[in-house]
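Student: One structure is given below, represented as structure tokens, and several questions about it will come after.
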Amino acid sequence: MKKPVQFDIDGVLADFIAGFTTLAHEYFGTPILSDRTNLKYGTNHIVGADNSARVWKMIVDGTDFWWRLPAHADRPTFIRINNLQDERDVYFVTNRPGRWAKWQTESWLLAHGIWNPTVIVTDLKALPAQATGAGYAIEDKPGNAVMISYVNRAIRSFLIDLPYNRINHDMIGGRVERVNTLSEFLDIVEAGE
């Protein structure tokens with residue numbers, strides 16, 4: 001059997017910053033941005049610390065924030081991801097907090113064409129990669145990509161190129177590969193085994 005694939009959600013499949021700043025805009029009139037915006041300092045810098053805390057409270061207490069996020073990928077890319085499940089296990093690993101975060105994530109994936117998604121909610125992204133014996137993983141955060149690459153020497157850990165994660169490649173080490181798009185990552189996975 002082919003090795004499992006692990007996908008991060010926010011920053012890879014979904015545009016978290018667009019959802020967060022849209023919610024902040026509705027309440028505080030702050031600008032709407034996206035993951036493709038050059039964000040160096042996180043959500044506190046975008047909307048202010050007090051407003052950021054209020055938005056996070058709305059996310060955690062609410063029941064539909066994660067379900068409403070815009071997708072980064074187009075329909076054919078989601079179909080490619082779904083088709084991977086015919087040959088290998090596919091895991092969607094996220095650190096989303098809040099009421100029904102796992103259910104919202106599963107519903108969101110289903111709405112985008114991923115049938116019967118396996119969602120794992122944890123802030124320790126490397127552990128599911130290790131436990132499942134993943135062969136490939138893609139992240140938007142350099143720290144997660146590095147940790148994944150070191151828990152299992154056989155895994156190929158990828159970082160999707162975004163303005164906020166463009167750091168000196170020497171800092172993340174030679175075990176993390178950078179890709180420009182999700183399609184590029186899927187090309188590598190499909191050709192790899």
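Order determines the names: the first chain of the structure tokens is A, the second B, and so forth; residues in each chain are numbered 1 upward, and ligands are numbered 1 upward as they are shown.
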Applying 8 Å and only C-alpha atoms, which residues near stretch 108-125 of chain A remain after dropping the ones on its own chain fewer than 2 positions away? List them as a VMD selection string.
Tutor: chain A and resid 66 to 68 75 78 to 79 81 to 82 90 to 96 102 104 to 106 127 to 129 144 147 to 148
Student: Excluding same-chain residues fewer than 5 positions from A:Phe20, what lies within 9 Å of it counting only C-alpha atoms, as a PyMOL selection string?
Tutor: chain A and resi 15+25+32-34+43+52+55-56+59+65+69
Student: Just the strand (DSSP E) stuff from chain A, please, per backbone DSSP, written as number ranges by chain.
Tutor: A: 5-8, 90-94, 118-121, 136-139, 156-160, 176-179
Student: Would you work out the distance separating atom CA of A:Pro163 from atom CA of A:Asp74, expressed in Å to one decimal?
Tutor: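 The value is 20.0 Å.
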Student: What's around A:Lys57 at 12 Å? Count only C-alpha atoms, leave out sequence neighbours fewer than 6 positions away in its own chain, and write the answer as a ChimeraX atom specification.
Tutor: /A:20,23-24,50-51,63,65,97-99
Student: Report the residues of stretch 57-162 of chain A whose backbone DSSP state falls under helix (DSSP H, G or I), written as number ranges by chain.
Tutor: A: 57-61, 66-68, 75-84, 101-111, 126-132, 142-151
Student: Next, dump the selected residues to file, keeping only N, CA and C atoms, as a short mmCIF file (atom, residue, chain, number, x, y, z; two decimals), in the first residue's frame.
Tutor:
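Done, and the output landed in part.cif:
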```cif
data_model
loop_
_atom_site.label_atom_id
_atom_site.label_comp_id
_atom_site.auth_asym_id
_atom_site.auth_seq_id
_atom_site.Cartn_x
_atom_site.Cartn_y
_atom_site.Cartn_z
N LYS A 57 -12.68 34.80 20.30
CA LYS A 57 -13.78 34.35 21.17
C LYS A 57 -15.01 34.02 20.33
N MET A 58 -15.31 34.86 19.32
CA MET A 58 -16.44 34.57 18.44
C MET A 58 -16.23 33.27 17.68
N ILE A 59 -14.99 33.02 17.25
CA ILE A 59 -14.67 31.78 16.52
C ILE A 59 -14.87 30.57 17.44
N VAL A 60 -14.30 30.64 18.63
CA VAL A 60 -14.36 29.51 19.56
C VAL A 60 -15.79 29.25 20.03
N ASP A 61 -16.55 30.30 20.29
CA ASP A 61 -17.93 30.15 20.78
C ASP A 61 -18.94 29.88 19.67
N TRP A 66 -15.44 27.91 10.87
CA TRP A 66 -14.57 27.02 10.07
C TRP A 66 -15.29 26.50 8.84
N TRP A 67 -16.58 26.33 8.93
CA TRP A 67 -17.35 25.83 7.81
C TRP A 67 -17.45 26.86 6.68
N ARG A 68 -17.39 28.15 7.03
CA ARG A 68 -17.59 29.21 6.04
C ARG A 68 -16.31 29.71 5.36
N ARG A 75 -11.90 23.39 -7.62
CA ARG A 75 -12.60 22.11 -7.58
C ARG A 75 -11.76 20.95 -8.13
N PRO A 76 -11.06 21.12 -9.28
CA PRO A 76 -10.24 20.00 -9.78
C PRO A 76 -9.14 19.58 -8.79
N THR A 77 -8.59 20.52 -8.04
CA THR A 77 -7.56 20.17 -7.05
C THR A 77 -8.18 19.37 -5.92
N PHE A 78 -9.37 19.77 -5.46
CA PHE A 78 -10.04 18.98 -4.42
C PHE A 78 -10.39 17.58 -4.93
N ILE A 79 -10.74 17.47 -6.19
CA ILE A 79 -11.04 16.15 -6.76
C ILE A 79 -9.77 15.29 -6.77
N ARG A 80 -8.63 15.89 -7.10
CA ARG A 80 -7.36 15.15 -7.05
C ARG A 80 -7.07 14.65 -5.65
N ILE A 81 -7.32 15.50 -4.65
CA ILE A 81 -7.10 15.09 -3.26
C ILE A 81 -8.04 13.94 -2.91
N ASN A 82 -9.29 14.08 -3.29
CA ASN A 82 -10.25 13.01 -3.01
C ASN A 82 -9.83 11.70 -3.67
N ASN A 83 -9.34 11.78 -4.89
CA ASN A 83 -8.94 10.58 -5.62
C ASN A 83 -7.72 9.90 -5.00
N LEU A 84 -6.91 10.65 -4.25
CA LEU A 84 -5.78 10.03 -3.54
C LEU A 84 -6.27 8.95 -2.58
N ALA A 101 -15.40 22.14 15.97
CA ALA A 101 -14.36 22.43 14.98
C ALA A 101 -14.11 21.23 14.07
N LYS A 102 -14.06 20.04 14.65
CA LYS A 102 -13.82 18.83 13.84
C LYS A 102 -14.98 18.61 12.88
N TRP A 103 -16.20 18.71 13.37
CA TRP A 103 -17.37 18.51 12.52
C TRP A 103 -17.43 19.57 11.42
N GLN A 104 -17.16 20.83 11.78
CA GLN A 104 -17.17 21.89 10.76
C GLN A 104 -16.14 21.62 9.68
N THR A 105 -14.96 21.15 10.09
CA THR A 105 -13.89 20.86 9.14
C THR A 105 -14.28 19.70 8.23
N GLU A 106 -14.83 18.65 8.80
CA GLU A 106 -15.29 17.52 7.98
C GLU A 106 -16.37 17.97 7.00
N SER A 107 -17.30 18.78 7.46
CA SER A 107 -18.38 19.27 6.59
C SER A 107 -17.82 20.15 5.48
N TRP A 108 -16.84 20.99 5.82
CA TRP A 108 -16.22 21.87 4.84
C TRP A 108 -15.53 21.04 3.76
N LEU A 109 -14.78 20.02 4.17
CA LEU A 109 -14.09 19.16 3.20
C LEU A 109 -15.10 18.42 2.32
N LEU A 110 -16.15 17.91 2.92
CA LEU A 110 -17.18 17.22 2.15
C LEU A 110 -17.82 18.16 1.13
N ALA A 111 -18.09 19.40 1.54
CA ALA A 111 -18.68 20.39 0.62
C ALA A 111 -17.75 20.72 -0.54
N ALA A 126 3.21 16.93 14.13
CA ALA A 126 4.17 15.88 13.82
C ALA A 126 3.71 14.51 14.33
N LEU A 127 2.95 14.48 15.40
CA LEU A 127 2.56 13.19 15.97
C LEU A 127 1.66 12.36 15.06
N PRO A 128 0.62 12.94 14.43
CA PRO A 128 -0.16 12.13 13.49
C PRO A 128 0.68 11.65 12.30
N ALA A 129 1.61 12.49 11.84
CA ALA A 129 2.48 12.08 10.73
C ALA A 129 3.31 10.87 11.13
N GLN A 130 3.80 10.88 12.36
CA GLN A 130 4.59 9.75 12.87
C GLN A 130 3.71 8.52 13.07
N ALA A 131 2.56 8.72 13.71
CA ALA A 131 1.68 7.59 14.04
C ALA A 131 1.14 6.88 12.81
N THR A 132 0.85 7.64 11.75
CA THR A 132 0.26 7.05 10.55
C THR A 132 1.31 6.56 9.56
N PRO A 142 6.39 27.03 8.97
CA PRO A 142 7.71 26.38 8.93
C PRO A 142 7.99 25.47 10.13
N GLY A 143 7.62 25.89 11.33
CA GLY A 143 7.88 25.08 12.52
C GLY A 143 7.22 23.72 12.44
N ASN A 144 5.97 23.68 11.97
CA ASN A 144 5.28 22.40 11.82
C ASN A 144 5.96 21.53 10.76
N ALA A 145 6.34 22.14 9.65
CA ALA A 145 6.99 21.38 8.58
C ALA A 145 8.31 20.79 9.06
N VAL A 146 9.08 21.55 9.85
CA VAL A 146 10.36 21.06 10.37
C VAL A 146 10.12 19.90 11.34
N MET A 147 9.20 20.06 12.26
CA MET A 147 8.93 19.00 13.24
C MET A 147 8.48 17.72 12.54
N ILE A 148 7.60 17.85 11.55
CA ILE A 148 7.14 16.68 10.80
C ILE A 148 8.32 15.98 10.14
N SER A 149 9.23 16.76 9.56
CA SER A 149 10.37 16.17 8.85
C SER A 149 11.32 15.42 9.76
N TYR A 150 11.32 15.75 11.05
CA TYR A 150 12.25 15.11 11.97
C TYR A 150 11.66 13.97 12.78
N VAL A 151 10.35 13.81 12.81
CA VAL A 151 9.77 12.68 13.55
C VAL A 151 9.90 11.38 12.78
#
```
Student: My list of candidates is A:Asp35, A:Thr22, A:Lys2, A:Asp8. Which is closest to A:Phe158 when distances are computed with only C-alpha atoms?
Tutor: A:Asp8
Student: For atom CA of A:Pro4 and atom CA of A:Thr181, determine how far apart the two atoms are, in Å to one decimal place.
Tutor: 19.6 Å
Student: Go ahead and compute the interatomic distance for atom CA of A:Leu162 and atom CA of A:Gly11, in Å to one decimal.
Tutor: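 Pair atom CA of A:Leu162 / atom CA of A:Gly11 returns 8.1 Å.
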Student: Taking only C-alpha atoms into account, which of A:Ile46, A:Leu182, A:Leu159, A:Ile188 comes nearest A:Gly135?
Tutor: A:Ile188
